[in-house]
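Notes for the one structure printed next.
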Amino acid sequence: MRTAPPPIPRIAWAGLSLAGGIVVSLAGLFAGLPGAFAALALAAAPIVILWRRSARRWRARRAALNAPFPEDWRRLLRGWSDHYLRLPDDICVRFEDDLRIFLVEKQITGVGVEVTDELRLLVAASAVTLSLGWPEYEWEQLHEILLYPDEFDRDYEFGSDELAGEAHPWGTIILSVPALRESFQVSDDAYHVGFHEFAHLLDLEQTHFDGIPAGFDETQARRWVAIREREMPRMQRGESLLDEYGAHDPVEFLAVAVEGFFEPARALRRADPALYELLAAYFQQDPAAWDDARGLTFDRPARPRPPRPGGRGGRRRPRLRSTI
Ligand SMILES: [Zn+2]
C-alpha cells in the first residue's frame with residue numbers, strides 16, 4: 001500500500017456523492033434537463049479537486065520512495081532511534097518508507113528553531129514508531145508539528161519547565177526540542193515526549209480525547225479499562241513501571257502506557273503482560289521480542305545515559321495536553 005496512491009477519505013466521497021445526488025435530483029426536478037446538467041457540473045467540481053490533490057500526493061510519495069534512502073539519514077537514525085535499531089530487516093525497510101512519506105506530507109515548523117534534517121527525522125521517527133504496524137495509516141488528524149526551543153508554560157512563554165509538549169485536538173503537536181532530544185538519548189526510562197504527544201492523537205475522537213485508543217473494539221476497550229483501573233492506583237503509589245504522571249487521568253494513562261511499551265518494552269512485558277499484549281496487538285508490533293532477538297542484557301540500558309541538564313532537578317515531563 002505504501003507505494004499506492006493515498007486514498008481520498010471515504011467519508012469525503014460519501015458526503016460528496018450524497019450532496020451531489022441531492023443537488024442534481026432537485027435541479028432536474030425544478031429546472032429540467034439543462035438544470036440537471038449544470039448541477040452535475042457543479043457537483044463534480046469538488047470531486048475533481050479532491051482527485052487532483054490525491055494525485056499530487058501520490059506523485060510526491062512516488063518521487064520520495066523512488067530515491068534511495070539517504071545514507072546520512074540512516075546514520076542519524078542509528079545514532080538516535082533505539083526502535084530503529086531493534087527492527088528486523090524487512091520491517092526496517094517499512095520504517096524508512098513510512099518516514100519518507102511522513103516527511104513529504106507533514107508540515108514541521110520551527111518557532112525560533114532551525115528545522116534541521118536531524119530534527120525532522122526525530123519528529124518523523126516519533127510518529128512512525130507508533131504507526132509502523134498499520135500499513136494504511138496516514139496520520140490524517142495531524143496538521144502541523146511546531147518545534148519550540150525550550151519548555152514552555154500555559155501562556156506559551158519559554159523558560160518554564162511546565163510543559164515539554166502538547167497535542168491539540170485540531171491536529172497540532174508542539175514539541176520542545178531539548179525534551180525531544182533527551183527522549184531519544186535515553187531509551188529505557190519510559191519517557192518520550194514524541195511518543196507521548198503522538199499517542200494523544202491516536203486517542204482523538206472527533207474533537208476530544210477519551211483515553212481509549214481509537215479502533216479498539218468493545219472487548220479490547222473493556223480490557224483496557226480494567227487494566228487502567230488496576231494500574232492507576234499502583235502508579236500513584238509508585239509501584240508501577242509506568243510514570244505516576246499517567247495515574248490521575250485516563251487520557252494521560254494512555255500516552256504514558258505507550259511510552260512504556262516502546263521504551264523499556266521487555267520490562268513492561270515482564271511487569272504487566274496483559275498490558276503489553278494488548279498494546280502489542282494494537283500496534284501490531286513486538287518490541288520486546290525484537291529486543292530478545294538482538295540479545296540485550298536485561299539490566300543494561302540500551303544506550304548510555306547522557307548527563308541531565310544542569311539545575312533542572314530531574315526529568316522534565318510532558319505535563320498536559322490542551323483541550324478545546
Ligand atoms: Zn499528555
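Residue numbering restarts at 1 for every chain of the C-alpha cells, chains are lettered A, B, ... in their displayed order, and ligands are numbered from 1 as they appear.
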
Contacts to ligand 1 at 12 Å cut-off (only C-alpha atoms and all ligand atoms) as an MDAnalysis selection string: chainID A and resid 163:169 173:175 191:203 209 211 243 245:259 317:323

Write out as a VMD selection string the residues lying within 9 Å of stretch 130-138 of chain A, counting only C-alpha atoms and excluding same-chain residues fewer than 3 positions away. chain A and resid 1 to 2 6 91 94 to 95 98 102 125 to 127 141 to 142 195 198 to 199 258 262 282 to 285

From the list A:Leu241, A:Leu278, A:Ala190, A:Ala44, which residue is nearest A:Arg222 when using only C-alpha atoms? A:Leu278

Please return as a VMD selection string: the residues of stretch 123-285 of chain A that backbone DSSP assigns to helix (DSSP H, G or I). chain A and resid 123 to 131 177 to 185 193 to 202 218 to 236 244 to 246 250 to 262 265 to 271 273 to 283

Could you give me, as a ChimeraX atom specification, the residues within 8 Å of A:Leu122, counting only C-alpha atoms and dropping anything in the same chain fewer than 3 positions from it? /A:80-81,118-119,125-126,180-181,184

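Across the structure, atom CA of A:Arg52 and atom CA of A:Glu140 are spaced 17.5 Å apart.
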
For the strand (DSSP E or B) assignment from backbone DSSP, which residues of stretch 42-184 of chain A qualify? Please present them as a JSON list (two decimals) with C-alpha atoms, in the first residue's frame.
[["chain", "number", "residue", "atom", "x", "y", "z"],
["A", 107, "GLN", "CA", 4.42, 20.23, 7.98],
["A", 108, "ILE", "CA", 7.15, 20.72, 10.62],
["A", 109, "THR", "CA", 7.66, 24.34, 11.63],
["A", 110, "GLY", "CA", 10.33, 25.76, 13.90],
["A", 144, "GLU", "CA", 1.29, 20.52, 11.85],
["A", 145, "ILE", "CA", 4.16, 19.98, 14.25],
["A", 146, "LEU", "CA", 5.64, 23.04, 15.95],
["A", 147, "LEU", "CA", 9.15, 22.81, 17.38],
["A", 148, "TYR", "CA", 9.91, 25.06, 20.34],
["A", 152, "PHE", "CA", 7.12, 26.41, 27.97],
["A", 158, "PHE", "CA", 9.59, 29.81, 27.08],
["A", 163, "LEU", "CA", 5.40, 21.73, 29.51],
["A", 165, "GLY", "CA", 4.93, 19.10, 24.62],
["A", 166, "GLU", "CA", 1.26, 19.46, 23.76],
["A", 167, "ALA", "CA", -1.23, 17.76, 21.47],
["A", 172, "THR", "CA", -1.27, 20.47, 16.08],
["A", 173, "ILE", "CA", 1.54, 18.97, 18.11],
["A", 174, "ILE", "CA", 4.09, 21.10, 19.95],
["A", 175, "LEU", "CA", 7.42, 19.59, 20.98],
["A", 176, "SER", "CA", 10.25, 21.13, 22.96]]
